[in-house]
Amino acid sequence: MTPILQIKAVSKRYGGLTAVNEVSFDVAKGEIISVIGPNGAGKSTLFKLISSFVHTSGGEVLFKGGKISDLAPHVVARKGVVRTFQETTIFRSMTVRENVIVAHHLRSKATLAGFFFGSATARADEAAFGASADDIIGFLGLGDIRDELASNLPQGHLRALGMAIGLATGPEVLLLDEPFAGMNHDETMRMVTNVRRLRDERGVTVLLVEHDMPAVMKISDRIVVINFGQKIAEGTPAEIQNNEKVIEAYLGSEDDAIGM
Amino acid sequence: MTNTNKIAGVAIFLLIVFVIVPWAIAASGRWDFYYTLTSVALLSIASAGVWLTFYIGRINIGQGAYALAGGYASAVLVTQAGVNFWLTLPLAGLFCAGLSVLIGVPILRLRGVYFAMITLVLTEVARLTALALPVTQGAKGVTSIPLPGELSLFGLTLIPDFATLENPKLAFYFMAVILMVASYATLYRIVNSRLGHLCRSLQQNEELASSIGVNVSYLRVLAYAISSFFGGIAGASFVAISQSIYPSSFQVADSVNFMLNCFLGGLGFVFGPMLGTLVLYFGWDLLFTTGRYQLLIYSSLLIALMVILPNGILSLNVLSGKRARK
């Protein structure tokens, strides 16, 4: 079976600086895979390359065998590869529910003109979006705050909302950019459970970029480690913890910084 | 806001503009008010367009350019091609929409003050173009434009020839108000349909919008084209009333006013620009008696209003209950 996502020798150069250098790895369907690395290793750039928010300087990204790198971001989203954001990027002056509803855009069957004139398809779409939004909100445990304005939410809920927005698009692959950053232990554990359930209950393949080592070790099927823009290791959490190159890359921090 | 309240609000509004205002003018004999109110109605259409560009998160100070372009499109079609005015009205709007697509594709990539600056220049570019092109007849402008002719469909007269009317002022007033009502109904529908929700998503975060699959550049251009369509029909209607158009008919000051109307009425309310236009237009006229201090008082009041009511007049609850969210 071909992997759902193939990253093939992808590079990104900014002038003389090589942020990502010929990184390759595959993601199988239904997998949870994490990309880790020290600060400035090129994780975020790699993430943007996969979602076409940044164009490559070399190599390509394939989704189900078709190229998705160097396109417009909305085209990639349309194909089924959707990203969330590192910062608390949400629609601030909408309520939680409105955020999730608007994110259903990709699923609409009616045209914009249809929505304007209130055609039958459009009304069916609206009803379906509302129901699906409520479903997602319940799934991620945001039910109590569904009518709260997004700008009033605390950090932890914002992350969950970001994920709800991503989920509303109906993705096959969800790219999560540091979903655990700035969270306390309890929030992290709740998020870990949610990510697992995304895969187990909704069949979404998850690729995440993360700093939080304990969370990564707990959640990932496989881990890809990059340093100075290059892939230095790939394997299961257990393999990565004992990998000398990885330990070296994180040197300065103790061994336990990458382990449990 | 319940549905009955909304319908009642709309009904009261329609009653005022179509019955009470004409009655009051006839009773008081202040026929000059027709011209003023017609102007307010038409200016508020152009402002509605500007409001829509605000809704996608762009400050548009270039609506005057499209009003001018629409005005010339209609004037040239009527005087040189002999096209019926009623046909030139939508054509002028479409002309402006087409023009705005050509202009919008490159400039809508800009945000914030950069986009605002470019649009500010647009009005001046439009004026200079009108001066330079042979078809617009330079500084002489297009004058002696006939009044709107008869509009008939299958021999049935829908709109009589304005030249044969006893009171064309009243006819123009009705035309302007009907256009205004139609424009705001369209705007209201846009804002409350999915298109409006997507516009809001653009306003709040374009990156996130594209990540959920919204074709951001297409939507921006679409909203801008609709906005310019409004500008075009407003301009064309003005030309029909004044029966003339010059390169200076719409200037930078007009573009700025269209934007101020939106600010003043409230950017969060569909009917904000309508109220803003009314208040601003009459506010300026009322201050006329203060002579050379007119501009000083006017601008100080505007600044004060924006500080006290940053979300516009309609953010006052008294009014928002009635018209803002109908």
# chains A, B, ... in the order shown; residues from 1 in each chain; ligands from 1

call {"tool": "interface_residues", "arguments": {"of": "chain B", "to": "chain A", "cutoff": "6 Å", "atoms": "only C-alpha atoms", "output": "PDB file with N, CA and C atoms, in the first residue's frame"}}
result
ATOM      1  N   SER B 193     -25.565  35.485   4.439  1.00  0.00           N
ATOM      2  CA  SER B 193     -25.429  34.180   3.792  1.00  0.00           C
ATOM      3  C   SER B 193     -23.987  33.722   3.975  1.00  0.00           C
ATOM      4  N   ARG B 194     -23.685  32.573   3.437  1.00  0.00           N
ATOM      5  CA  ARG B 194     -22.352  32.011   3.608  1.00  0.00           C
ATOM      6  C   ARG B 194     -21.260  32.932   3.065  1.00  0.00           C
ATOM      7  N   GLN B 204     -10.953  38.466   9.593  1.00  0.00           N
ATOM      8  CA  GLN B 204     -10.345  38.138  10.869  1.00  0.00           C
ATOM      9  C   GLN B 204      -9.016  37.420  10.738  1.00  0.00           C
ATOM     10  N   SER B 210      -7.477  30.502   4.419  1.00  0.00           N
ATOM     11  CA  SER B 210      -6.969  29.687   3.315  1.00  0.00           C
ATOM     12  C   SER B 210      -6.691  28.270   3.787  1.00  0.00           C
ATOM     13  N   SER B 211      -6.373  28.109   5.066  1.00  0.00           N
ATOM     14  CA  SER B 211      -6.106  26.755   5.554  1.00  0.00           C
ATOM     15  C   SER B 211      -7.382  25.918   5.645  1.00  0.00           C
ATOM     16  N   ILE B 212      -8.539  26.576   5.735  1.00  0.00           N
ATOM     17  CA  ILE B 212      -9.776  25.787   5.716  1.00  0.00           C
ATOM     18  C   ILE B 212     -10.342  25.695   4.307  1.00  0.00           C
ATOM     19  N   GLY B 213      -9.535  26.055   3.331  1.00  0.00           N
ATOM     20  CA  GLY B 213      -9.907  25.819   1.940  1.00  0.00           C
ATOM     21  C   GLY B 213     -10.602  26.978   1.255  1.00  0.00           C
ATOM     22  N   VAL B 214     -10.603  28.155   1.866  1.00  0.00           N
ATOM     23  CA  VAL B 214     -11.228  29.310   1.224  1.00  0.00           C
ATOM     24  C   VAL B 214     -10.252  29.889   0.195  1.00  0.00           C
ATOM     25  N   ASN B 215     -10.751  30.072  -1.021  1.00  0.00           N
ATOM     26  CA  ASN B 215      -9.932  30.703  -2.048  1.00  0.00           C
ATOM     27  C   ASN B 215      -9.909  32.204  -1.776  1.00  0.00           C
TER      28      ASN B 215
END

call {"tool": "select_by_dssp", "arguments": {"residues": "range 15-237 of chain B", "states": "helix (DSSP H, G or I)", "output": "ChimeraX atom specification"}}
result
/B:15-28,32-55,63-80,85-107,112-132,138-140,162-164,168-192,194-204,206-211,216-237

call {"tool": "residues_around", "arguments": {"residues": "Phe180 in chain A", "least_positions_apart": "2", "cutoff": "12 Å", "atoms": "only C-alpha atoms", "output": "PyMOL selection string"}}
result
chain A and resi 85-88+155-160+162-163+176-178+182-195+208-216+219

call {"tool": "write_last_selection", "arguments": {"atoms": "C-alpha atoms", "output": "mmCIF file, in the first residue's frame"}}
result
data_model
loop_
_atom_site.group_PDB
_atom_site.id
_atom_site.type_symbol
_atom_site.label_atom_id
_atom_site.label_comp_id
_atom_site.auth_asym_id
_atom_site.auth_seq_id
_atom_site.Cartn_x
_atom_site.Cartn_y
_atom_site.Cartn_z
ATOM 1 C CA PHE A 85 -1.613 26.863 13.538
ATOM 2 C CA GLN A 86 1.076 27.238 16.123
ATOM 3 C CA GLU A 87 -0.160 30.554 17.435
ATOM 4 C CA THR A 88 -3.673 30.864 18.641
ATOM 5 C CA GLN A 155 -5.253 29.057 25.836
ATOM 6 C CA GLY A 156 -6.221 25.425 26.262
ATOM 7 C CA HIS A 157 -9.632 25.896 24.721
ATOM 8 C CA LEU A 158 -8.162 27.885 21.855
ATOM 9 C CA ARG A 159 -5.996 24.927 20.862
ATOM 10 C CA ALA A 160 -8.980 22.645 20.949
ATOM 11 C CA GLY A 162 -8.041 25.300 16.374
ATOM 12 C CA MET A 163 -8.292 21.554 16.104
ATOM 13 C CA LEU A 176 -0.909 19.949 13.952
ATOM 14 C CA ASP A 177 1.605 22.690 14.657
ATOM 15 C CA GLU A 178 2.756 22.388 18.278
ATOM 16 C CA GLY A 182 1.983 26.453 26.444
ATOM 17 C CA MET A 183 -0.222 23.828 28.067
ATOM 18 C CA ASN A 184 -0.029 22.488 31.581
ATOM 19 C CA HIS A 185 0.179 18.785 32.270
ATOM 20 C CA ASP A 186 -3.563 18.174 32.517
ATOM 21 C CA GLU A 187 -4.350 20.093 29.368
ATOM 22 C CA THR A 188 -1.603 18.229 27.537
ATOM 23 C CA MET A 189 -2.960 14.874 28.596
ATOM 24 C CA ARG A 190 -6.453 15.848 27.470
ATOM 25 C CA MET A 191 -5.058 16.945 24.131
ATOM 26 C CA VAL A 192 -3.093 13.706 23.752
ATOM 27 C CA THR A 193 -6.325 11.791 24.251
ATOM 28 C CA ASN A 194 -8.112 13.988 21.725
ATOM 29 C CA VAL A 195 -5.449 13.481 19.075
ATOM 30 C CA LEU A 208 2.456 16.881 14.307
ATOM 31 C CA VAL A 209 5.375 19.134 15.052
ATOM 32 C CA GLU A 210 6.088 19.413 18.750
ATOM 33 C CA HIS A 211 8.520 20.413 21.495
ATOM 34 C CA ASP A 212 6.902 18.632 24.397
ATOM 35 C CA MET A 213 8.916 15.395 24.572
ATOM 36 C CA PRO A 214 6.856 13.408 27.071
ATOM 37 C CA ALA A 215 3.732 14.096 25.025
ATOM 38 C CA VAL A 216 5.445 13.162 21.771
ATOM 39 C CA ILE A 219 1.372 9.822 21.399
#

call {"tool": "select_by_dssp", "arguments": {"residues": "range 82-215 of chain A", "states": "strand (DSSP E or B)", "output": "PyMOL selection string"}}
result
chain A and resi 82-83+95+149+173-177+205-209

call {"tool": "residues_around", "arguments": {"residues": "Phe228 in chain A", "least_positions_apart": "6", "cutoff": "10 Å", "atoms": "only C-alpha atoms", "output": "ChimeraX atom specification"}}
result
/A:18-21,37-43,249

call {"tool": "residues_around", "arguments": {"residues": "Ile223 in chain A", "least_positions_apart": "6", "cutoff": "6 Å", "atoms": "only C-alpha atoms", "output": "list in words"}}
result
Ile33, Ser34, Val35, Glu234, Gly235 and Thr236 of chain A

call {"tool": "write_last_selection", "arguments": {"atoms": "N, CA and C atoms", "output": "short mmCIF file (atom, residue, chain, number, x, y, z; two decimals), in the first residue's frame"}}
result
data_model
loop_
_atom_site.label_atom_id
_atom_site.label_comp_id
_atom_site.auth_asym_id
_atom_site.auth_seq_id
_atom_site.Cartn_x
_atom_site.Cartn_y
_atom_site.Cartn_z
N ILE A 33 2.31 10.59 13.54
CA ILE A 33 3.75 10.73 13.38
C ILE A 33 4.16 12.13 13.82
N SER A 34 5.25 12.21 14.55
CA SER A 34 5.70 13.50 15.07
C SER A 34 7.03 13.89 14.45
N VAL A 35 7.17 15.16 14.20
CA VAL A 35 8.45 15.70 13.77
C VAL A 35 9.00 16.50 14.94
N GLU A 234 14.79 8.43 12.45
CA GLU A 234 13.38 8.12 12.26
C GLU A 234 13.11 6.77 12.90
N GLY A 235 12.05 6.67 13.67
CA GLY A 235 11.77 5.37 14.27
C GLY A 235 10.69 5.47 15.33
N THR A 236 10.48 4.37 16.04
CA THR A 236 9.48 4.36 17.11
C THR A 236 10.02 5.18 18.28
#

call {"tool": "residues_around", "arguments": {"residues": "range 156-171 of chain B", "least_positions_apart": "5", "cutoff": "8 Å", "atoms": "only C-alpha atoms", "output": "PyMOL selection string"}}
result
chain B and resi 22+34-35+147-151

call {"tool": "write_last_selection", "arguments": {"atoms": "N, CA and C atoms", "output": "PDB file, in the first residue's frame"}}
result
ATOM      1  N   PRO B  22     -42.418  61.845   1.346  1.00  0.00           N
ATOM      2  CA  PRO B  22     -43.064  62.624   0.276  1.00  0.00           C
ATOM      3  C   PRO B  22     -44.232  63.461   0.793  1.00  0.00           C
ATOM      4  N   TYR B  34     -36.087  67.137  -1.676  1.00  0.00           N
ATOM      5  CA  TYR B  34     -36.035  65.978  -2.562  1.00  0.00           C
ATOM      6  C   TYR B  34     -34.636  65.768  -3.102  1.00  0.00           C
ATOM      7  N   TYR B  35     -34.023  66.872  -3.532  1.00  0.00           N
ATOM      8  CA  TYR B  35     -32.684  66.742  -4.089  1.00  0.00           C
ATOM      9  C   TYR B  35     -31.717  66.231  -3.023  1.00  0.00           C
ATOM     10  N   LEU B 147     -32.868  63.336 -19.907  1.00  0.00           N
ATOM     11  CA  LEU B 147     -33.429  62.658 -18.729  1.00  0.00           C
ATOM     12  C   LEU B 147     -33.700  61.201 -19.086  1.00  0.00           C
ATOM     13  N   PRO B 148     -33.757  60.327 -18.069  1.00  0.00           N
ATOM     14  CA  PRO B 148     -34.019  58.907 -18.348  1.00  0.00           C
ATOM     15  C   PRO B 148     -35.274  58.728 -19.208  1.00  0.00           C
ATOM     16  N   GLY B 149     -35.143  57.925 -20.244  1.00  0.00           N
ATOM     17  CA  GLY B 149     -36.263  57.708 -21.154  1.00  0.00           C
ATOM     18  C   GLY B 149     -37.224  56.658 -20.628  1.00  0.00           C
ATOM     19  N   GLU B 150     -38.167  56.320 -21.481  1.00  0.00           N
ATOM     20  CA  GLU B 150     -39.183  55.353 -21.083  1.00  0.00           C
ATOM     21  C   GLU B 150     -38.595  53.946 -21.052  1.00  0.00           C
ATOM     22  N   LEU B 151     -39.000  53.179 -20.069  1.00  0.00           N
ATOM     23  CA  LEU B 151     -38.597  51.780 -20.038  1.00  0.00           C
ATOM     24  C   LEU B 151     -39.846  50.942 -20.218  1.00  0.00           C
TER      25      LEU B 151
END

call {"tool": "residues_around", "arguments": {"residues": "Gln243 in chain B", "least_positions_apart": "6", "cutoff": "9 Å", "atoms": "only C-alpha atoms", "output": "list in words"}}
result
Ala75, Val142, Thr143, Ser144, Ile145, Pro146 and Leu147 of chain B

call {"tool": "closest_residue", "arguments": {"among": "A:Leu46, A:Val173, A:Leu17, A:Ile226", "to": "Pro3 in chain A", "atoms": "only C-alpha atoms"}}
result
A:Val173

call {"tool": "atom_distance", "arguments": {"atom1": "CA of Leu133 in chain B", "atom2": "CA of Ile241 in chain B"}}
result
23.4 Å

call {"tool": "atom_distance", "arguments": {"atom1": "CA of Ile61 in chain B", "atom2": "CA of Ile178 in chain B"}}
result
25.6 Å

call {"tool": "decode", "arguments": {"residues": "range 78-98 of chain B", "atoms": "N, CA and C atoms", "output": "compact mmCIF listing (two decimals), in the first residue's frame"}}
result
# COMPACT_ATOMS: atom_id res chain seq x y z
N VAL B 78 -25.39 56.85 -23.09
CA VAL B 78 -26.64 57.55 -23.38
C VAL B 78 -26.45 58.58 -24.50
N THR B 79 -25.39 59.39 -24.39
CA THR B 79 -25.23 60.48 -25.35
C THR B 79 -24.66 60.02 -26.68
N GLN B 80 -23.76 59.06 -26.69
CA GLN B 80 -23.10 58.72 -27.95
C GLN B 80 -23.63 57.46 -28.61
N ALA B 81 -24.14 56.54 -27.81
CA ALA B 81 -24.66 55.32 -28.43
C ALA B 81 -26.19 55.29 -28.38
N GLY B 82 -26.79 56.28 -27.73
CA GLY B 82 -28.24 56.35 -27.67
C GLY B 82 -28.89 55.22 -26.90
N VAL B 83 -28.13 54.65 -25.96
CA VAL B 83 -28.69 53.55 -25.16
C VAL B 83 -29.64 54.13 -24.11
N ASN B 84 -30.70 53.40 -23.85
CA ASN B 84 -31.63 53.82 -22.81
C ASN B 84 -30.93 53.86 -21.45
N PHE B 85 -31.21 54.93 -20.67
CA PHE B 85 -30.54 55.09 -19.38
C PHE B 85 -30.73 53.87 -18.49
N TRP B 86 -31.92 53.31 -18.48
CA TRP B 86 -32.20 52.19 -17.57
C TRP B 86 -31.36 50.97 -17.90
N LEU B 87 -30.93 50.87 -19.15
CA LEU B 87 -30.04 49.78 -19.52
C LEU B 87 -28.60 50.12 -19.12
N THR B 88 -28.27 51.44 -19.22
CA THR B 88 -26.90 51.82 -18.89
C THR B 88 -26.64 51.69 -17.39
N LEU B 89 -27.69 51.72 -16.59
CA LEU B 89 -27.50 51.64 -15.13
C LEU B 89 -26.81 50.33 -14.73
N PRO B 90 -27.39 49.17 -15.09
CA PRO B 90 -26.65 47.94 -14.76
C PRO B 90 -25.34 47.82 -15.53
N LEU B 91 -25.31 48.35 -16.77
CA LEU B 91 -24.07 48.27 -17.55
C LEU B 91 -22.95 49.04 -16.86
N ALA B 92 -23.30 50.22 -16.32
CA ALA B 92 -22.30 51.02 -15.61
C ALA B 92 -21.78 50.24 -14.40
N GLY B 93 -22.70 49.57 -13.70
CA GLY B 93 -22.28 48.76 -12.56
C GLY B 93 -21.36 47.64 -12.99
N LEU B 94 -21.73 46.95 -14.07
CA LEU B 94 -20.90 45.84 -14.55
C LEU B 94 -19.55 46.34 -15.05
N PHE B 95 -19.57 47.50 -15.71
CA PHE B 95 -18.32 48.08 -16.19
C PHE B 95 -17.37 48.29 -15.01
N CYS B 96 -17.91 48.88 -13.93
CA CYS B 96 -17.09 49.13 -12.76
C CYS B 96 -16.63 47.84 -12.10
N ALA B 97 -17.52 46.85 -12.07
CA ALA B 97 -17.14 45.56 -11.49
C ALA B 97 -15.98 44.95 -12.28
N GLY B 98 -16.09 45.02 -13.62
CA GLY B 98 -15.02 44.49 -14.46
C GLY B 98 -13.71 45.23 -14.23
